[in-house]
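Right, one structure below, let's go through it.
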Amino acid sequence: MTPIHPLAVAVPTRNRAPLLRRLLWSVGDQIRSDHLVDRVQICVSDNASEDGTPDILDEFQREFPEVSLARSRHAAATDFVGNVRSVAALGDAEFIALTGDDDYIRPKALHRILDVGDFAGDVIFFNSHPGAGRWLQGLPADDGSQRVFRNGREVNEYLGIFHATFLGNCVFRRRAFNAAFLSDYEISMYPHTYVAMHLLAHGPALFVNYATFSVDESQREWSVQQPWLTAVDMARLQSDMVLRRGATRREVAAVYRELSRSVPRAVLHSRRHRAAKPVRPCDLLAAYRCSRFFQALTLSYWLVARMLPTAALEWAIRMASARRRAALS
């Protein structure tokens with residue numbers, strides 16, 4: 001399909017009707033007030049919501065009839081990965097700005113995205129959520145400065161390991177995103193990050209230091225999985241897409257050192273929460289495969305955490321966190 005709109009705000013959603021309403025109205029008001037009806041559309045993929053999400057979308061179309069809304073609905077619930085893939089296939093825009101259904105647009109954000117739409121690459125990072133990178137602390141906030149990245153290692157160093165995991169930080173050329181979304185990437189809760197690193201291996205990405213969405217983390221149903229996502233999923237992603245592509249030992253160690261600290265917490269969560277994924281030795285061997293040292297280290301973390309009683313494991317994690325905070329202060 002030939003692109004008609006330069007930009008689409010792409011929203012995968014499930015069972016968050018009130019938050020989705022806030023997001024949609026914030027984007028619709030900005031499209032209307034900033035005279036962007038012909039330039040920006042909205043795409044929503046509803047993952048078989050059981051609340052009032054379809055009614056919210058109907059209400060939006062009545063309230064903003066001039067705004068292009070492309071919508072789809074899964075007949076049965078799929079996973080987050082499938083919903084991201086669905087929303088990226090909707091609409092007719094050249095670029096898609098992914099965002100969570102619990103976020104909302106910041107003033108002039110659409111203009112800021114559109115202003116860099118002539119970038120020749122396929123990935124543009126913004127700064128809606130600064131992530132966990134200590135290097136970002138030296139950047140002036142919202143100053144509009146730009147930087148071109150040539151690979152994922154530069155993203156790690158300048159923005160931090162998790163910057164590209166936040167939906168609201170990522171804008172993609174839609175056709176490139178869909179072409180690069182390989183079935184191999186469906187193993188991760190960060191499929192968009194896999195795609196970003198895939199595209200970075202074939203061309204540059206642009207970083208623009210503007211916050212385009214306000215991030216609302218008040219409802220994090222998936223937080224029970226966060227230690228596993230950090231210790232296993234992100235380590236696997238980094239190994240697959242970044243570290244095996246010419247990373248030095250120092251770069252490998254810097255990433256693995258940060259992620260491996262979550263192994264004991266992931267073991268604790270799997271013990272406390274039935275919904276939490278268990279950490280398996282085979283997961284650690286695969287996730288940290290770029291370093292035999294860190295394979296052995298994470299296996300030792302796992303073994304000790306498994307052997308400790310819950311109270312002792314909690315104490316050990318608290319002590320390790322306290323020492324880390326003291327070292328960083």
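By convention in this document, the chains of the structure tokens carry letters A, B, ... by their order, each chain's residues are numbered from 1, and ligands are numbered from 1 in the order they are shown.
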
Closest atom pairs, residues of segment 11-36 of chain A within 10 Å of segment 65-77 of chain A, only C-alpha atoms, as CSV:
```
residue,atom,partner,partner_atom,distance
A:Val11,CA,A:Arg71,CA,9.6
A:Pro12,CA,A:Ser72,CA,9.9
A:Thr13,CA,A:Arg73,CA,9.7
A:Arg14,CA,A:Ala77,CA,8.7
A:Val27,CA,A:Val67,CA,9.8
A:Gly28,CA,A:Val67,CA,7.0
A:Asp29,CA,A:Val67,CA,9.8
A:Ile31,CA,A:Val67,CA,7.5
A:Arg32,CA,A:Val67,CA,7.9
A:Leu36,CA,A:Val67,CA,8.9
```

Problem - Filtered DSSP result for segment 43-116 of chain A, state alpha helix (DSSP H), as JSON, numbers by chain - result: {"A": [53, 54, 55, 56, 57, 58, 59, 60, 61, 62, 63, 80, 81, 82, 83, 84, 85, 86, 87, 88, 109, 110, 111, 112, 113, 114]}

Exercise for the section: Using only C-alpha atoms, find the one residue out of A:Tyr194, A:Tyr185, A:Phe293, A:Phe213 that sits nearest to Gly152 of chain A. Expected result: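 Nearest candidate to Gly152 of chain A out of A:Tyr194, A:Tyr185, A:Phe293, A:Phe213: A:Tyr194.
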
Practice task
Might you pull out every residue within 6 Å of segment 198-211 of chain A, with only C-alpha atoms counted and same-chain residues fewer than 5 positions away left off, and present them as a PyMOL selection string?
Solution key: chain A and resi 121+123-128+142+144-151

Requested write-out: N, CA and C atoms of the selected residues, as a compact mmCIF listing (two decimals), in the first residue's frame:
```
# COMPACT_ATOMS: atom_id res chain seq x y z
N GLY A 121 17.15 6.74 7.38
CA GLY A 121 17.16 5.44 8.03
C GLY A 121 15.76 4.96 8.37
N VAL A 123 14.93 3.73 11.65
CA VAL A 123 14.67 3.77 13.08
C VAL A 123 15.01 5.16 13.62
N ILE A 124 14.09 5.70 14.41
CA ILE A 124 14.32 6.97 15.11
C ILE A 124 13.98 6.75 16.58
N PHE A 125 14.93 7.04 17.46
CA PHE A 125 14.69 6.95 18.89
C PHE A 125 14.42 8.33 19.45
N PHE A 126 13.40 8.40 20.30
CA PHE A 126 13.16 9.62 21.08
C PHE A 126 13.46 9.33 22.54
N ASN A 127 13.10 10.24 23.42
CA ASN A 127 13.51 10.11 24.81
C ASN A 127 12.32 10.23 25.75
N SER A 128 11.24 9.52 25.43
CA SER A 128 10.07 9.54 26.30
C SER A 128 10.35 8.88 27.64
N ASP A 142 15.35 17.30 26.91
CA ASP A 142 14.46 17.88 25.91
C ASP A 142 15.08 19.04 25.13
N GLY A 144 16.44 18.73 22.09
CA GLY A 144 16.33 18.52 20.66
C GLY A 144 17.62 18.11 19.98
N SER A 145 18.68 17.87 20.75
CA SER A 145 19.94 17.47 20.13
C SER A 145 19.78 16.11 19.45
N GLN A 146 20.59 15.88 18.44
CA GLN A 146 20.47 14.66 17.64
C GLN A 146 21.81 13.93 17.58
N ARG A 147 21.72 12.63 17.40
CA ARG A 147 22.90 11.79 17.29
C ARG A 147 22.56 10.60 16.41
N VAL A 148 23.48 10.21 15.56
CA VAL A 148 23.28 9.07 14.68
C VAL A 148 24.04 7.88 15.26
N PHE A 149 23.36 6.74 15.34
CA PHE A 149 23.97 5.50 15.81
C PHE A 149 24.20 4.57 14.64
N ARG A 150 25.32 3.89 14.67
CA ARG A 150 25.67 2.96 13.59
C ARG A 150 25.46 1.50 13.98
N ASN A 151 25.28 1.23 15.27
CA ASN A 151 25.08 -0.14 15.72
C ASN A 151 24.47 -0.14 17.11
```

Problem - Nearest to Gly117 of chain A by atom-to-atom distance, counting only C-alpha atoms, from A:Ala8, A:Ala141, A:Leu167, A:Val155 - result: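 Ranking A:Ala8, A:Ala141, A:Leu167, A:Val155 by distance to Gly117 of chain A, first place goes to A:Ala8.
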
If we count only C-alpha atoms, what is near Gln30 of chain A at a cut-off of 9 Å, once residues fewer than 5 positions away on the same chain are taken out, given as a short mmCIF file (atom, residue, chain, number, x, y, z; two decimals) with all heavy atoms, in the first residue's frame?
```cif
data_model
loop_
_atom_site.label_atom_id
_atom_site.label_comp_id
_atom_site.auth_asym_id
_atom_site.auth_seq_id
_atom_site.Cartn_x
_atom_site.Cartn_y
_atom_site.Cartn_z
N TRP A 25 -7.68 10.49 23.21
CA TRP A 25 -8.15 11.87 23.21
C TRP A 25 -6.97 12.84 23.19
O TRP A 25 -7.06 13.90 22.58
CB TRP A 25 -9.06 12.12 24.41
CG TRP A 25 -10.51 12.03 24.07
CD1 TRP A 25 -11.42 13.05 24.01
CD2 TRP A 25 -11.24 10.83 23.71
NE1 TRP A 25 -12.66 12.57 23.65
CE2 TRP A 25 -12.58 11.21 23.45
CE3 TRP A 25 -10.90 9.49 23.59
CZ2 TRP A 25 -13.57 10.30 23.09
CZ3 TRP A 25 -11.87 8.58 23.22
CH2 TRP A 25 -13.18 8.98 22.97
N HIS A 35 -3.52 20.97 13.41
CA HIS A 35 -3.86 20.90 11.98
C HIS A 35 -3.06 19.80 11.26
O HIS A 35 -2.44 20.03 10.22
CB HIS A 35 -3.61 22.25 11.32
CG HIS A 35 -4.27 23.40 12.03
ND1 HIS A 35 -5.63 23.58 12.09
CD2 HIS A 35 -3.72 24.41 12.77
CE1 HIS A 35 -5.92 24.66 12.81
NE2 HIS A 35 -4.78 25.18 13.23
N LEU A 36 -3.14 18.59 11.83
CA LEU A 36 -2.37 17.47 11.29
C LEU A 36 -3.27 16.35 10.78
O LEU A 36 -2.82 15.20 10.65
CB LEU A 36 -1.44 16.93 12.38
CG LEU A 36 -0.38 17.89 12.90
CD1 LEU A 36 0.38 17.28 14.07
CD2 LEU A 36 0.60 18.29 11.79
N ILE A 105 0.21 11.53 24.82
CA ILE A 105 1.06 12.38 23.99
C ILE A 105 1.45 13.66 24.73
O ILE A 105 0.68 14.19 25.53
CB ILE A 105 0.33 12.73 22.67
CG1 ILE A 105 1.31 13.20 21.58
CG2 ILE A 105 -0.77 13.74 22.90
CD1 ILE A 105 2.00 12.08 20.88
N ARG A 106 2.66 14.12 24.48
CA ARG A 106 3.13 15.38 25.06
C ARG A 106 2.91 16.51 24.06
O ARG A 106 2.79 16.27 22.84
CB ARG A 106 4.60 15.27 25.43
CG ARG A 106 4.85 14.29 26.56
CD ARG A 106 6.33 14.10 26.80
NE ARG A 106 6.93 15.33 27.29
CZ ARG A 106 7.41 15.49 28.53
NH1 ARG A 106 7.32 14.51 29.39
NH2 ARG A 106 7.98 16.62 28.88
N PRO A 107 2.83 17.76 24.53
CA PRO A 107 2.58 18.89 23.62
C PRO A 107 3.61 18.95 22.49
O PRO A 107 4.81 18.75 22.71
CB PRO A 107 2.69 20.11 24.55
CG PRO A 107 2.35 19.59 25.91
CD PRO A 107 2.89 18.19 25.94
N LYS A 108 3.13 19.20 21.30
CA LYS A 108 3.93 19.38 20.09
C LYS A 108 4.72 18.13 19.70
O LYS A 108 5.60 18.19 18.83
CB LYS A 108 4.89 20.56 20.23
CG LYS A 108 4.20 21.89 20.49
CD LYS A 108 3.23 22.24 19.36
CE LYS A 108 2.47 23.53 19.62
NZ LYS A 108 1.46 23.80 18.56
N ALA A 109 4.41 17.00 20.32
CA ALA A 109 5.17 15.78 20.03
C ALA A 109 5.03 15.34 18.58
O ALA A 109 6.01 14.91 17.95
CB ALA A 109 4.72 14.66 20.96
N LEU A 110 3.84 15.43 18.02
CA LEU A 110 3.63 14.98 16.65
C LEU A 110 4.45 15.81 15.67
O LEU A 110 5.05 15.27 14.72
CB LEU A 110 2.15 15.02 16.30
CG LEU A 110 1.26 14.09 17.12
CD1 LEU A 110 -0.21 14.27 16.76
CD2 LEU A 110 1.67 12.62 16.94
#
```

Problem - Computed interatomic separation between atom CA of Ala164 of chain A and atom CA of Pro264 of chain A (Å) - result: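 Distance between the two atoms: 24.5 Å.
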
Exercise for the section: Would you mind listing what lies within 10 Å of His5 of chain A as a ChimeraX atom specification, with only C-alpha atoms counted and same-chain residues fewer than 4 positions away left out? Expected result: /A:36-41,68,91-95

Handout entry: Secondary structure check, strand (DSSP E or B) residues of segment 64-257 of chain A, as a ChimeraX atom specification
Key = /A:69-73,95-98,104-105,123-125,146-149,170-173,205-208,213-214

Store the residues picked out above, limited to N, CA, C and O atoms, as a JSON list (two decimals), in the first residue's frame.
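Result file result-v4.json:
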```json
[["chain", "number", "residue", "atom", "x", "y", "z"],
["A", 69, "LEU", "N", -8.64, 6.69, 11.69],
["A", 69, "LEU", "CA", -8.45, 5.65, 12.70],
["A", 69, "LEU", "C", -8.51, 4.30, 12.01],
["A", 69, "LEU", "O", -9.55, 3.92, 11.46],
["A", 70, "ALA", "N", -7.40, 3.57, 12.04],
["A", 70, "ALA", "CA", -7.36, 2.19, 11.55],
["A", 70, "ALA", "C", -7.39, 1.28, 12.77],
["A", 70, "ALA", "O", -6.56, 1.41, 13.67],
["A", 71, "ARG", "N", -8.34, 0.37, 12.81],
["A", 71, "ARG", "CA", -8.51, -0.48, 13.99],
["A", 71, "ARG", "C", -8.72, -1.93, 13.59],
["A", 71, "ARG", "O", -9.24, -2.23, 12.52],
["A", 72, "SER", "N", -8.29, -2.80, 14.48],
["A", 72, "SER", "CA", -8.53, -4.23, 14.30],
["A", 72, "SER", "C", -8.75, -4.85, 15.67],
["A", 72, "SER", "O", -8.42, -4.26, 16.70],
["A", 73, "ARG", "N", -9.33, -6.04, 15.67],
["A", 73, "ARG", "CA", -9.60, -6.71, 16.93],
["A", 73, "ARG", "C", -9.36, -8.21, 16.77],
["A", 73, "ARG", "O", -9.87, -8.84, 15.82],
["A", 95, "PHE", "N", 5.68, 6.16, 8.55],
["A", 95, "PHE", "CA", 6.32, 5.85, 9.82],
["A", 95, "PHE", "C", 5.27, 5.51, 10.87],
["A", 95, "PHE", "O", 4.14, 6.02, 10.81],
["A", 96, "ILE", "N", 5.65, 4.65, 11.82],
["A", 96, "ILE", "CA", 4.79, 4.36, 12.96],
["A", 96, "ILE", "C", 5.52, 4.74, 14.24],
["A", 96, "ILE", "O", 6.68, 4.40, 14.43],
["A", 97, "ALA", "N", 4.81, 5.46, 15.10],
["A", 97, "ALA", "CA", 5.30, 5.77, 16.43],
["A", 97, "ALA", "C", 4.59, 4.84, 17.40],
["A", 97, "ALA", "O", 3.39, 5.02, 17.69],
["A", 98, "LEU", "N", 5.28, 3.83, 17.88],
["A", 98, "LEU", "CA", 4.68, 2.89, 18.81],
["A", 98, "LEU", "C", 4.53, 3.55, 20.18],
["A", 98, "LEU", "O", 5.38, 4.32, 20.61],
["A", 104, "TYR", "N", 0.50, 8.79, 27.13],
["A", 104, "TYR", "CA", -0.28, 9.83, 26.45],
["A", 104, "TYR", "C", 0.69, 10.84, 25.85],
["A", 104, "TYR", "O", 1.84, 10.99, 26.27],
["A", 105, "ILE", "N", 0.21, 11.53, 24.82],
["A", 105, "ILE", "CA", 1.06, 12.38, 23.99],
["A", 105, "ILE", "C", 1.45, 13.66, 24.73],
["A", 105, "ILE", "O", 0.68, 14.19, 25.53],
["A", 123, "VAL", "N", 14.93, 3.73, 11.65],
["A", 123, "VAL", "CA", 14.67, 3.77, 13.08],
["A", 123, "VAL", "C", 15.01, 5.16, 13.62],
["A", 123, "VAL", "O", 16.08, 5.70, 13.32],
["A", 124, "ILE", "N", 14.09, 5.70, 14.41],
["A", 124, "ILE", "CA", 14.32, 6.97, 15.11],
["A", 124, "ILE", "C", 13.98, 6.75, 16.58],
["A", 124, "ILE", "O", 12.87, 6.32, 16.90],
["A", 125, "PHE", "N", 14.93, 7.04, 17.46],
["A", 125, "PHE", "CA", 14.69, 6.95, 18.89],
["A", 125, "PHE", "C", 14.42, 8.33, 19.45],
["A", 125, "PHE", "O", 15.12, 9.29, 19.12],
["A", 146, "GLN", "N", 20.59, 15.88, 18.44],
["A", 146, "GLN", "CA", 20.47, 14.66, 17.64],
["A", 146, "GLN", "C", 21.81, 13.93, 17.58],
["A", 146, "GLN", "O", 22.88, 14.53, 17.69],
["A", 147, "ARG", "N", 21.72, 12.63, 17.40],
["A", 147, "ARG", "CA", 22.90, 11.79, 17.29],
["A", 147, "ARG", "C", 22.56, 10.60, 16.41],
["A", 147, "ARG", "O", 21.46, 10.05, 16.50],
["A", 148, "VAL", "N", 23.48, 10.21, 15.56],
["A", 148, "VAL", "CA", 23.28, 9.07, 14.68],
["A", 148, "VAL", "C", 24.04, 7.88, 15.26],
["A", 148, "VAL", "O", 25.21, 7.99, 15.63],
["A", 149, "PHE", "N", 23.36, 6.74, 15.34],
["A", 149, "PHE", "CA", 23.97, 5.50, 15.81],
["A", 149, "PHE", "C", 24.20, 4.57, 14.64],
["A", 149, "PHE", "O", 23.35, 4.45, 13.75],
["A", 170, "CYS", "N", 10.30, 4.64, 20.40],
["A", 170, "CYS", "CA", 10.64, 4.04, 19.11],
["A", 170, "CYS", "C", 9.70, 4.49, 17.99],
["A", 170, "CYS", "O", 8.48, 4.38, 18.12],
["A", 171, "VAL", "N", 10.30, 4.95, 16.91],
["A", 171, "VAL", "CA", 9.59, 5.27, 15.67],
["A", 171, "VAL", "C", 10.27, 4.48, 14.55],
["A", 171, "VAL", "O", 11.50, 4.48, 14.45],
["A", 172, "PHE", "N", 9.46, 3.82, 13.73],
["A", 172, "PHE", "CA", 10.00, 2.97, 12.67],
["A", 172, "PHE", "C", 9.37, 3.34, 11.33],
["A", 172, "PHE", "O", 8.20, 3.73, 11.26],
["A", 173, "ARG", "N", 10.16, 3.14, 10.27],
["A", 173, "ARG", "CA", 9.56, 3.13, 8.94],
["A", 173, "ARG", "C", 8.73, 1.85, 8.86],
["A", 173, "ARG", "O", 9.24, 0.74, 9.07],
["A", 205, "ALA", "N", 20.56, 4.59, 12.75],
["A", 205, "ALA", "CA", 19.38, 5.05, 13.48],
["A", 205, "ALA", "C", 19.66, 6.45, 14.00],
["A", 205, "ALA", "O", 20.81, 6.82, 14.26],
["A", 206, "LEU", "N", 18.62, 7.22, 14.15],
["A", 206, "LEU", "CA", 18.73, 8.59, 14.64],
["A", 206, "LEU", "C", 18.15, 8.67, 16.04],
["A", 206, "LEU", "O", 17.10, 8.08, 16.33],
["A", 207, "PHE", "N", 18.84, 9.38, 16.93],
["A", 207, "PHE", "CA", 18.31, 9.69, 18.25],
["A", 207, "PHE", "C", 18.03, 11.19, 18.32],
["A", 207, "PHE", "O", 18.87, 12.01, 17.97],
["A", 208, "VAL", "N", 16.81, 11.53, 18.77],
["A", 208, "VAL", "CA", 16.41, 12.93, 18.95],
["A", 208, "VAL", "C", 16.04, 13.11, 20.42],
["A", 208, "VAL", "O", 15.14, 12.42, 20.92],
["A", 213, "PHE", "N", 6.13, 11.13, 24.45],
["A", 213, "PHE", "CA", 5.01, 10.58, 25.21],
["A", 213, "PHE", "C", 5.32, 10.65, 26.70],
["A", 213, "PHE", "O", 6.48, 10.55, 27.11],
["A", 214, "SER", "N", 4.29, 10.86, 27.49],
["A", 214, "SER", "CA", 4.43, 10.74, 28.94],
["A", 214, "SER", "C", 4.16, 9.28, 29.32],
["A", 214, "SER", "O", 3.14, 8.72, 28.92]]
```

Problem - Atom pair atom CA of Gly100 of chain A / atom CA of Thr53 of chain A: separation (Å) - result: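 Between these atoms lies a distance of 14.4 Å.
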
Completion exercise
Students should find that atom CA of Ala305 of chain A and atom CA of Arg323 of chain A are spaced 18.1 Å

When you look at His129 of chain A with a cut-off of 7 Å (counting only C-alpha atoms), what residues show up, excluding the ones that are within fewer than 3 positions of it in the same chain? I need them as a short mmCIF file (atom, residue, chain, number, x, y, z; two decimals) with N, CA, C and O atoms, in the first residue's frame.
```cif
data_model
loop_
_atom_site.label_atom_id
_atom_site.label_comp_id
_atom_site.auth_asym_id
_atom_site.auth_seq_id
_atom_site.Cartn_x
_atom_site.Cartn_y
_atom_site.Cartn_z
N PHE A 166 11.30 0.54 25.53
CA PHE A 166 10.10 1.32 25.81
C PHE A 166 9.44 1.73 24.49
O PHE A 166 10.06 2.40 23.65
N ASN A 169 9.63 5.24 22.97
CA ASN A 169 10.91 5.75 22.50
C ASN A 169 11.16 5.45 21.03
O ASN A 169 12.14 5.93 20.47
N VAL A 215 5.08 8.70 30.05
CA VAL A 215 5.01 7.29 30.38
C VAL A 215 4.31 7.11 31.73
O VAL A 215 4.71 7.70 32.73
#
```

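Proximity of A:Ser26, A:Ala88, A:Ile56, A:Asp51 to Asp103 of chain A, computed with only C-alpha atoms, is greatest for A:Ser26.
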